[in-house]
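Novice: Here it is, the structure, as structure tokens.
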Amino acid sequence: MESWADVSGRRVVLTGAGRGLGRILASAFDAAGAHLGLVARTKDSLDDLAQTLKGDPLVCAGDVRDDEFNGRVARQMVERFGGVDVWICNAGISPEMTSVSDMSPETWREIVDINLTGTFLGAQAAARVMEPGGRIIITGSVIGDRPRAGLSAYAASKSGAHALTQALALELGPRDITVNAVALGWFDTGLGAHWHRDERRENDIVDHTSLGRWGTAGDLPGAYLFLASAASGYVTGTTLTVDGGYSLI
Ligand SMILES: NC(=O)c1ccc[n+]([C@@H]2O[C@H](COP(=O)([O-])OP(=O)(O)OC[C@H]3O[C@@H](n4cnc5c(N)ncnc54)[C@H](OP(=O)(O)O)[C@@H]3O)[C@@H](O)[C@H]2O)c1
């Protein structure tokens, strides 16, 4: 029997790898012996990350909204590592809070395009090359299930990502490919970091979180490692919430 949550030798595409949470996930999967394909728009950030890893990752700079780019990532993984076992759709954006009256159509489209369409296109590229036993993991958000005022586009995009997870799990189950989402709460890095600058919001989040603190780097990888490994072989279509109890209050 494989050891618990073993991902050594698994071939893993990770989008949004260049900064924030993706960088933490890249380090965790690398330390666990996975072969990584790192995706973000900014090549410098990926090259910089690659230098810190013990493995020799594939670096793919491009935009997850571009279906040809996603297909190219899949092809390069096959050429370099012989296939793709895990595709983590993690790239995402969220600008500062914007009221419905002030939201421009361009801002709405950009958030939905990256967070939802980009996620779909990554999952599609994965589904086209994955063998049975494959894993698609989508980074969702507690805001997708429990929106906050001022985050309408972000909430809609993440809620869509959770629904997409279920729809794809139904479609890909017969091929023995699992599809799960990780709904993150408030993490102390990346997109969440600017909320730290506002004392009222900062306190609001801590008061609203059962564990009474923000998520840290160490709180992140466990859920992804589990969902990427043989240990989660009978888990599909779920949204695993990693939020310190934010959703409870
Ligand atoms: N931080 C939190 O508290 C939190 C909470 C809930 C959910 N999340 C989710 O977690 C994920 C990662 O967030 P984060 O906090 O790590 O954000 P981050 O620090 O802003 O990093 C975002 C990453 O996504 C990449 N990216 C953005 N748009 C892209 C595009 N169109 N094509 C390719 N790559 C793109 C960025 O690459 P470039 O640098 O090249 O733009 C960067 O590497 C997101 O899906 C976010 O919604 C975060």
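Following the order of the structure tokens, chains are lettered A, B, ..., residues in each are numbered from 1, and ligands are numbered from 1.
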Show me which residues line ligand 1, defined as having an atom within 8 Å of a ligand atom where only C-alpha atoms and all ligand atoms count, and present them as a ChimeraX atom specification.
Specialist: /A:15-23,39-43,45,61-65,89-94,113-115,118,139-143,154,158,183-193,215
Novice: Mind dumping the selected residues with C-alpha atoms as an mmCIF file, in the first residue's frame?
Specialist:
data_model
loop_
_atom_site.group_PDB
_atom_site.id
_atom_site.type_symbol
_atom_site.label_atom_id
_atom_site.label_comp_id
_atom_site.auth_asym_id
_atom_site.auth_seq_id
_atom_site.Cartn_x
_atom_site.Cartn_y
_atom_site.Cartn_z
ATOM 1 C CA THR A 15 -0.909 27.439 -11.925
ATOM 2 C CA GLY A 16 -0.430 30.683 -10.053
ATOM 3 C CA ALA A 17 2.883 29.293 -8.847
ATOM 4 C CA GLY A 18 4.892 32.502 -9.016
ATOM 5 C CA ARG A 19 3.715 34.251 -5.871
ATOM 6 C CA GLY A 20 1.704 33.890 -2.685
ATOM 7 C CA LEU A 21 0.008 30.588 -1.994
ATOM 8 C CA GLY A 22 1.178 28.958 -5.228
ATOM 9 C CA ARG A 23 4.765 29.449 -4.214
ATOM 10 C CA VAL A 39 2.616 28.299 -14.475
ATOM 11 C CA ALA A 40 2.161 32.062 -14.086
ATOM 12 C CA ARG A 41 2.307 35.061 -16.395
ATOM 13 C CA THR A 42 5.596 36.392 -15.053
ATOM 14 C CA LYS A 43 8.519 34.233 -16.144
ATOM 15 C CA SER A 45 8.945 34.884 -10.737
ATOM 16 C CA ALA A 61 4.990 31.434 -18.553
ATOM 17 C CA GLY A 62 1.628 32.393 -20.019
ATOM 18 C CA ASP A 63 -1.972 33.283 -19.371
ATOM 19 C CA VAL A 64 -4.457 30.700 -18.076
ATOM 20 C CA ARG A 65 -7.190 32.462 -20.076
ATOM 21 C CA CYS A 89 -5.882 25.319 -11.024
ATOM 22 C CA ASN A 90 -4.735 27.890 -8.513
ATOM 23 C CA ALA A 91 -4.165 31.109 -10.506
ATOM 24 C CA GLY A 92 -6.571 33.804 -9.427
ATOM 25 C CA ILE A 93 -7.029 37.515 -8.875
ATOM 26 C CA SER A 94 -9.111 39.795 -6.747
ATOM 27 C CA ASP A 113 -12.139 35.192 -17.006
ATOM 28 C CA ILE A 114 -9.111 34.400 -14.874
ATOM 29 C CA ASN A 115 -10.749 32.756 -11.873
ATOM 30 C CA GLY A 118 -8.982 30.073 -16.746
ATOM 31 C CA THR A 139 -8.490 26.569 -5.580
ATOM 32 C CA GLY A 140 -11.811 27.956 -4.472
ATOM 33 C CA SER A 141 -12.667 30.312 -1.639
ATOM 34 C CA VAL A 142 -14.979 30.585 1.328
ATOM 35 C CA ILE A 143 -16.201 33.727 -0.432
ATOM 36 C CA TYR A 154 -14.791 37.333 -6.953
ATOM 37 C CA LYS A 158 -15.350 31.178 -6.948
ATOM 38 C CA ALA A 183 -12.128 26.538 -0.386
ATOM 39 C CA LEU A 184 -9.565 28.679 1.352
ATOM 40 C CA GLY A 185 -10.248 31.119 4.123
ATOM 41 C CA TRP A 186 -8.054 34.083 4.887
ATOM 42 C CA PHE A 187 -4.366 33.513 4.390
ATOM 43 C CA ASP A 188 -1.656 35.749 5.483
ATOM 44 C CA THR A 189 -0.054 35.982 2.043
ATOM 45 C CA GLY A 190 -0.852 36.863 -1.572
ATOM 46 C CA LEU A 191 -4.363 38.141 -2.255
ATOM 47 C CA GLY A 192 -5.304 38.234 1.412
ATOM 48 C CA ALA A 193 -2.311 40.280 2.469
ATOM 49 C CA GLY A 215 -4.049 30.897 7.861
#
Novice: List as number ranges by chain the protein and nucleic acid residues near A:Arg175, meaning an atom at most 12 Å away when only C-alpha atoms are counted, but skip any in the same chain fewer than 4 places from it.
Specialist: A: 127-135, 168-171, 179
Novice: Just the selected residues (N, CA, C and O atoms), exported as a short mmCIF file (atom, residue, chain, number, x, y, z; two decimals), in the first residue's frame, please.
Specialist:
data_model
loop_
_atom_site.label_atom_id
_atom_site.label_comp_id
_atom_site.auth_asym_id
_atom_site.auth_seq_id
_atom_site.Cartn_x
_atom_site.Cartn_y
_atom_site.Cartn_z
N ALA A 127 -7.87 17.20 -18.61
CA ALA A 127 -8.75 16.07 -18.97
C ALA A 127 -8.33 15.46 -20.29
O ALA A 127 -8.53 14.26 -20.51
N ARG A 128 -7.76 16.28 -21.17
CA ARG A 128 -7.40 15.76 -22.50
C ARG A 128 -6.18 14.85 -22.47
O ARG A 128 -5.97 14.07 -23.38
N VAL A 129 -5.35 14.96 -21.43
CA VAL A 129 -4.13 14.13 -21.41
C VAL A 129 -4.07 13.16 -20.22
O VAL A 129 -3.22 12.28 -20.21
N MET A 130 -4.97 13.34 -19.25
CA MET A 130 -4.84 12.52 -18.04
C MET A 130 -5.26 11.07 -18.24
O MET A 130 -6.21 10.79 -18.96
N GLU A 131 -4.56 10.21 -17.54
CA GLU A 131 -4.89 8.78 -17.50
C GLU A 131 -5.74 8.53 -16.24
O GLU A 131 -5.81 9.38 -15.35
N PRO A 132 -6.35 7.34 -16.14
CA PRO A 132 -7.06 7.01 -14.90
C PRO A 132 -6.14 7.20 -13.68
O PRO A 132 -4.94 6.92 -13.76
N GLY A 133 -6.72 7.67 -12.59
CA GLY A 133 -5.93 7.98 -11.40
C GLY A 133 -5.55 9.46 -11.33
O GLY A 133 -4.95 9.90 -10.34
N GLY A 134 -5.91 10.22 -12.38
CA GLY A 134 -5.58 11.65 -12.41
C GLY A 134 -6.36 12.43 -11.37
O GLY A 134 -7.40 12.00 -10.88
N ARG A 135 -5.82 13.62 -11.07
CA ARG A 135 -6.43 14.48 -10.04
C ARG A 135 -6.48 15.93 -10.55
O ARG A 135 -5.44 16.46 -10.93
N LEU A 168 -17.50 18.65 -13.28
CA LEU A 168 -16.39 17.90 -13.87
C LEU A 168 -16.17 16.57 -13.16
O LEU A 168 -15.77 15.58 -13.78
N ALA A 169 -16.45 16.55 -11.86
CA ALA A 169 -16.32 15.28 -11.13
C ALA A 169 -17.30 14.25 -11.70
O ALA A 169 -16.96 13.07 -11.85
N LEU A 170 -18.52 14.69 -12.03
CA LEU A 170 -19.50 13.78 -12.63
C LEU A 170 -19.01 13.29 -13.98
O LEU A 170 -19.12 12.11 -14.32
N GLU A 171 -18.45 14.23 -14.76
CA GLU A 171 -18.04 13.87 -16.11
C GLU A 171 -16.81 12.97 -16.14
O GLU A 171 -16.72 12.06 -16.96
N VAL A 179 -12.01 15.20 -9.21
CA VAL A 179 -11.99 16.66 -9.30
C VAL A 179 -12.50 17.21 -7.98
O VAL A 179 -13.63 16.91 -7.57
#
Novice: Pick out the residues sitting within 9 Å of A:Thr238, and hand them over as a ChimeraX atom specification; count only C-alpha atoms, and ignore anything fewer than 4 positions along from it in its own chain.
Specialist: /A:162,165-166,169,179-182
Novice: List as a short mmCIF file (atom, residue, chain, number, x, y, z; two decimals) with all heavy atoms, in the first residue's frame the protein and nucleic acid residues near A:Ala155, meaning an atom at most 8 Å away when only C-alpha atoms are counted, but skip any in the same chain fewer than 3 places from it.
Specialist:
data_model
loop_
_atom_site.label_atom_id
_atom_site.label_comp_id
_atom_site.auth_asym_id
_atom_site.auth_seq_id
_atom_site.Cartn_x
_atom_site.Cartn_y
_atom_site.Cartn_z
N ILE A 143 -15.35 32.65 0.11
CA ILE A 143 -16.20 33.73 -0.43
C ILE A 143 -17.13 33.19 -1.53
O ILE A 143 -18.17 33.77 -1.82
CB ILE A 143 -15.31 34.88 -0.98
CG1 ILE A 143 -14.43 35.45 0.14
CG2 ILE A 143 -16.14 35.99 -1.61
CD1 ILE A 143 -15.18 36.08 1.28
N GLY A 144 -16.77 32.06 -2.12
CA GLY A 144 -17.63 31.43 -3.13
C GLY A 144 -18.91 30.88 -2.52
O GLY A 144 -19.94 30.78 -3.19
N ASP A 145 -18.86 30.51 -1.24
CA ASP A 145 -20.06 29.97 -0.57
C ASP A 145 -20.69 31.00 0.36
O ASP A 145 -21.86 30.90 0.71
CB ASP A 145 -19.69 28.73 0.26
CG ASP A 145 -19.24 27.58 -0.63
OD1 ASP A 145 -19.78 27.47 -1.74
OD2 ASP A 145 -18.32 26.84 -0.24
N ARG A 146 -19.88 31.95 0.77
CA ARG A 146 -20.35 32.94 1.74
C ARG A 146 -19.80 34.31 1.33
O ARG A 146 -18.79 34.78 1.85
CB ARG A 146 -19.80 32.54 3.11
CG ARG A 146 -20.41 33.34 4.19
CD ARG A 146 -20.11 32.73 5.53
NE ARG A 146 -20.71 33.60 6.50
CZ ARG A 146 -21.10 33.23 7.69
NH1 ARG A 146 -20.95 31.99 8.07
NH2 ARG A 146 -21.64 34.09 8.52
N PRO A 147 -20.46 34.95 0.35
CA PRO A 147 -19.93 36.20 -0.21
C PRO A 147 -19.85 37.34 0.80
O PRO A 147 -20.51 37.31 1.85
CB PRO A 147 -20.94 36.55 -1.30
CG PRO A 147 -21.65 35.27 -1.61
CD PRO A 147 -21.68 34.51 -0.32
N ARG A 148 -19.02 38.30 0.48
CA ARG A 148 -18.96 39.55 1.27
C ARG A 148 -19.30 40.70 0.34
O ARG A 148 -18.97 40.65 -0.86
CB ARG A 148 -17.55 39.77 1.82
CG ARG A 148 -17.18 38.84 2.96
CD ARG A 148 -15.77 39.11 3.41
NE ARG A 148 -15.67 40.33 4.21
CZ ARG A 148 -15.48 40.35 5.53
NH1 ARG A 148 -15.36 39.22 6.19
NH2 ARG A 148 -15.38 41.48 6.17
N LEU A 151 -17.36 42.19 -3.05
CA LEU A 151 -16.56 41.15 -3.73
C LEU A 151 -17.45 40.34 -4.68
O LEU A 151 -17.31 39.13 -4.79
CB LEU A 151 -15.92 40.23 -2.70
CG LEU A 151 -14.79 40.82 -1.84
CD1 LEU A 151 -14.34 39.82 -0.78
CD2 LEU A 151 -13.60 41.24 -2.70
N SER A 152 -18.37 41.04 -5.36
CA SER A 152 -19.36 40.29 -6.15
C SER A 152 -18.72 39.47 -7.26
O SER A 152 -19.06 38.29 -7.45
CB SER A 152 -20.40 41.25 -6.74
OG SER A 152 -19.78 42.26 -7.51
N LYS A 158 -15.73 32.31 -7.79
CA LYS A 158 -15.35 31.18 -6.95
C LYS A 158 -16.54 30.24 -6.73
O LYS A 158 -16.37 29.02 -6.64
CB LYS A 158 -14.79 31.67 -5.61
CG LYS A 158 -13.43 32.37 -5.75
CD LYS A 158 -12.36 31.42 -6.27
CE LYS A 158 -10.98 32.05 -6.33
NZ LYS A 158 -9.94 31.13 -6.83
N SER A 159 -17.74 30.80 -6.63
CA SER A 159 -18.92 29.95 -6.55
C SER A 159 -19.02 29.12 -7.83
O SER A 159 -19.31 27.91 -7.81
CB SER A 159 -20.15 30.84 -6.38
OG SER A 159 -21.27 30.05 -6.22
#
Novice: Out of A:Ser157, A:Asp219, A:Leu121, A:Val86, which residue has the shortest atom-to-atom distance to A:Glu68 when counting only C-alpha atoms?
Specialist: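 Between A:Ser157, A:Asp219, A:Leu121, A:Val86, the residue approaching A:Glu68 most closely is A:Leu121.
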Novice: Excluding A:Lys54 and its own-chain neighbours fewer than 3 positions away, which residues fall within 10 Å of it when counting only C-alpha atoms? Please give them as a ChimeraX atom specification.
Specialist: /A:27,30-31,33,50-51,57
Novice: Please measure the separation of atom CA of A:Ala163 and atom CA of A:Asn70, giving the value in Å to one decimal.
Specialist: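 So the answer is 21.0 Å.
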Novice: Please report, as an MDAnalysis selection string, each residue of stretch 155-223 of chain A to which DSSP assigns helix (DSSP H, G or I) when run on this structure's backbone.
Specialist: chainID A and resid 155:175 190:197 199:207 217:219 221:223
Novice: Quick one: everything within 12 Å of A:Arg75, counting only C-alpha atoms, minus sequence neighbours fewer than 3 positions away in the same chain. Send it as a PyMOL selection string.
Specialist: chain A and resi 13+37+58+60+68-72+78-84+125-126+128-130
Novice: I'd like the interatomic distance between atom CA of A:Tyr224 and atom CA of A:Ile177, to a tenth of an Å.
Specialist: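 Interatomic distance, atom CA of A:Tyr224 to atom CA of A:Ile177: 15.4 Å.
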Novice: Considering only C-alpha atoms, can you say which of A:Ala230, A:Leu53, A:Val73, A:Val242 comes closest to A:Leu211?
Specialist: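 Looking at the shortest contact to A:Leu211, the residue is A:Val242.
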Novice: Atom CA of A:Arg10 and atom CA of A:Asp176, how far apart in Å?
Specialist: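 We find that atom CA of A:Asp176 and atom CA of A:Arg10 lie 16.0 Å from each other.
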Novice: Write out as a ChimeraX atom specification which residues come within 9 Å of A:Val7 when counting only C-alpha atoms, dropping same-chain ones fewer than 5 positions away.
Specialist: /A:29,32-34,225-226,228-230
Novice: For A:Leu227, which residue out of A:Thr178, A:Ala167, A:Asp204, A:Asp56 is the nearest one, using only C-alpha atoms?
Specialist: A:Thr178
Novice: Enumerate, as JSON, numbers by chain, the complete set of residues in stretch 10-224 of chain A that a backbone-based DSSP assignment places in strand (DSSP E).
Specialist: {"A": [11, 12, 13, 14, 15, 35, 36, 37, 38, 39, 40, 58, 59, 60, 61, 86, 87, 88, 89, 135, 136, 137, 138, 139, 140, 141, 178, 179, 180, 181, 182, 183, 184]}
Novice: Take the selection from the previous step and output its residues with N, CA, C and O atoms, as a compact mmCIF listing (two decimals), in the first residue's frame.
Specialist:
# COMPACT_ATOMS: atom_id res chain seq x y z
N ARG A 11 3.34 13.80 -11.44
CA ARG A 11 3.63 14.90 -12.37
C ARG A 11 2.53 15.96 -12.22
O ARG A 11 1.38 15.68 -12.55
N VAL A 12 2.92 17.10 -11.69
CA VAL A 12 1.93 18.07 -11.18
C VAL A 12 2.06 19.42 -11.88
O VAL A 12 3.13 20.05 -11.85
N VAL A 13 1.00 19.87 -12.53
CA VAL A 13 0.94 21.24 -13.04
C VAL A 13 0.35 22.11 -11.94
O VAL A 13 -0.68 21.77 -11.34
N LEU A 14 1.00 23.23 -11.67
CA LEU A 14 0.53 24.15 -10.64
C LEU A 14 0.44 25.54 -11.25
O LEU A 14 1.47 26.13 -11.61
N THR A 15 -0.77 26.08 -11.39
CA THR A 15 -0.91 27.44 -11.92
C THR A 15 -0.91 28.45 -10.77
O THR A 15 -1.23 28.10 -9.63
N HIS A 35 7.15 15.98 -9.62
CA HIS A 35 7.74 16.65 -10.78
C HIS A 35 6.80 17.79 -11.16
O HIS A 35 5.64 17.54 -11.49
N LEU A 36 7.30 19.00 -11.14
CA LEU A 36 6.41 20.16 -11.25
C LEU A 36 6.46 20.86 -12.60
O LEU A 36 7.53 21.03 -13.19
N GLY A 37 5.29 21.29 -13.06
CA GLY A 37 5.18 22.27 -14.14
C GLY A 37 4.63 23.54 -13.52
O GLY A 37 3.53 23.54 -12.98
N LEU A 38 5.42 24.60 -13.56
CA LEU A 38 5.05 25.85 -12.87
C LEU A 38 4.47 26.84 -13.88
O LEU A 38 5.11 27.14 -14.90
N VAL A 39 3.30 27.38 -13.56
CA VAL A 39 2.62 28.30 -14.48
C VAL A 39 2.31 29.62 -13.78
O VAL A 39 1.79 29.63 -12.66
N ALA A 40 2.61 30.71 -14.46
CA ALA A 40 2.16 32.06 -14.09
C ALA A 40 2.45 32.94 -15.30
O ALA A 40 3.07 32.47 -16.26
N LEU A 58 9.47 22.20 -14.87
CA LEU A 58 9.18 22.82 -16.16
C LEU A 58 8.62 24.21 -15.85
O LEU A 58 7.73 24.34 -15.00
N VAL A 59 9.14 25.22 -16.54
CA VAL A 59 8.63 26.58 -16.32
C VAL A 59 7.82 26.99 -17.55
O VAL A 59 8.33 26.97 -18.66
N CYS A 60 6.55 27.32 -17.34
CA CYS A 60 5.66 27.70 -18.45
C CYS A 60 5.05 29.06 -18.14
O CYS A 60 4.11 29.14 -17.34
N ALA A 61 5.55 30.10 -18.79
CA ALA A 61 4.99 31.43 -18.55
C ALA A 61 3.90 31.71 -19.58
O ALA A 61 4.12 31.54 -20.78
N VAL A 86 -1.56 15.31 -11.96
CA VAL A 86 -2.30 16.26 -11.11
C VAL A 86 -2.24 17.64 -11.78
O VAL A 86 -1.17 18.05 -12.24
N TRP A 87 -3.39 18.32 -11.83
CA TRP A 87 -3.40 19.69 -12.37
C TRP A 87 -4.07 20.56 -11.31
O TRP A 87 -5.25 20.37 -11.00
N ILE A 88 -3.33 21.48 -10.76
CA ILE A 88 -3.87 22.35 -9.71
C ILE A 88 -4.16 23.73 -10.33
O ILE A 88 -3.24 24.47 -10.71
N CYS A 89 -5.44 24.03 -10.46
CA CYS A 89 -5.88 25.32 -11.02
C CYS A 89 -5.94 26.31 -9.87
O CYS A 89 -6.95 26.39 -9.15
N ARG A 135 -5.82 13.62 -11.07
CA ARG A 135 -6.43 14.48 -10.04
C ARG A 135 -6.48 15.93 -10.55
O ARG A 135 -5.44 16.46 -10.93
N ILE A 136 -7.64 16.53 -10.52
CA ILE A 136 -7.75 17.96 -10.80
C ILE A 136 -8.16 18.63 -9.49
O ILE A 136 -9.10 18.18 -8.82
N ILE A 137 -7.41 19.64 -9.11
CA ILE A 137 -7.68 20.34 -7.84
C ILE A 137 -7.85 21.84 -8.16
O ILE A 137 -7.00 22.43 -8.83
N ILE A 138 -8.94 22.38 -7.69
CA ILE A 138 -9.29 23.77 -8.00
C ILE A 138 -9.24 24.60 -6.72
O ILE A 138 -9.86 24.23 -5.71
N THR A 139 -8.50 25.69 -6.76
CA THR A 139 -8.49 26.57 -5.58
C THR A 139 -9.75 27.43 -5.58
O THR A 139 -9.93 28.28 -6.45
N GLY A 140 -10.61 27.16 -4.63
CA GLY A 140 -11.81 27.96 -4.47
C GLY A 140 -11.62 28.94 -3.33
O GLY A 140 -10.50 29.32 -2.99
N SER A 141 -12.74 29.34 -2.74
CA SER A 141 -12.67 30.31 -1.64
C SER A 141 -13.93 30.23 -0.80
O SER A 141 -15.02 29.94 -1.33
N THR A 178 -10.39 12.23 -10.45
CA THR A 178 -11.15 12.96 -9.43
C THR A 178 -10.98 14.47 -9.62
O THR A 178 -9.96 14.94 -10.12
N VAL A 179 -12.01 15.20 -9.21
CA VAL A 179 -11.99 16.66 -9.30
C VAL A 179 -12.50 17.21 -7.98
O VAL A 179 -13.63 16.91 -7.57
N ASN A 180 -11.68 17.96 -7.30
CA ASN A 180 -12.06 18.53 -6.00
C ASN A 180 -11.60 19.98 -5.91
O ASN A 180 -10.66 20.38 -6.60
N ALA A 181 -12.28 20.72 -5.04
CA ALA A 181 -11.87 22.11 -4.81
C ALA A 181 -11.38 22.26 -3.37
O ALA A 181 -11.76 21.47 -2.49
N VAL A 182 -10.53 23.24 -3.15
CA VAL A 182 -10.12 23.61 -1.79
C VAL A 182 -10.62 25.04 -1.58
O VAL A 182 -10.17 25.97 -2.26
N ALA A 183 -11.60 25.20 -0.68
CA ALA A 183 -12.13 26.54 -0.39
C ALA A 183 -11.30 27.14 0.74
O ALA A 183 -11.41 26.73 1.89
N LEU A 184 -10.48 28.09 0.36
CA LEU A 184 -9.57 28.68 1.35
C LEU A 184 -10.23 29.82 2.09
O LEU A 184 -11.02 30.58 1.51
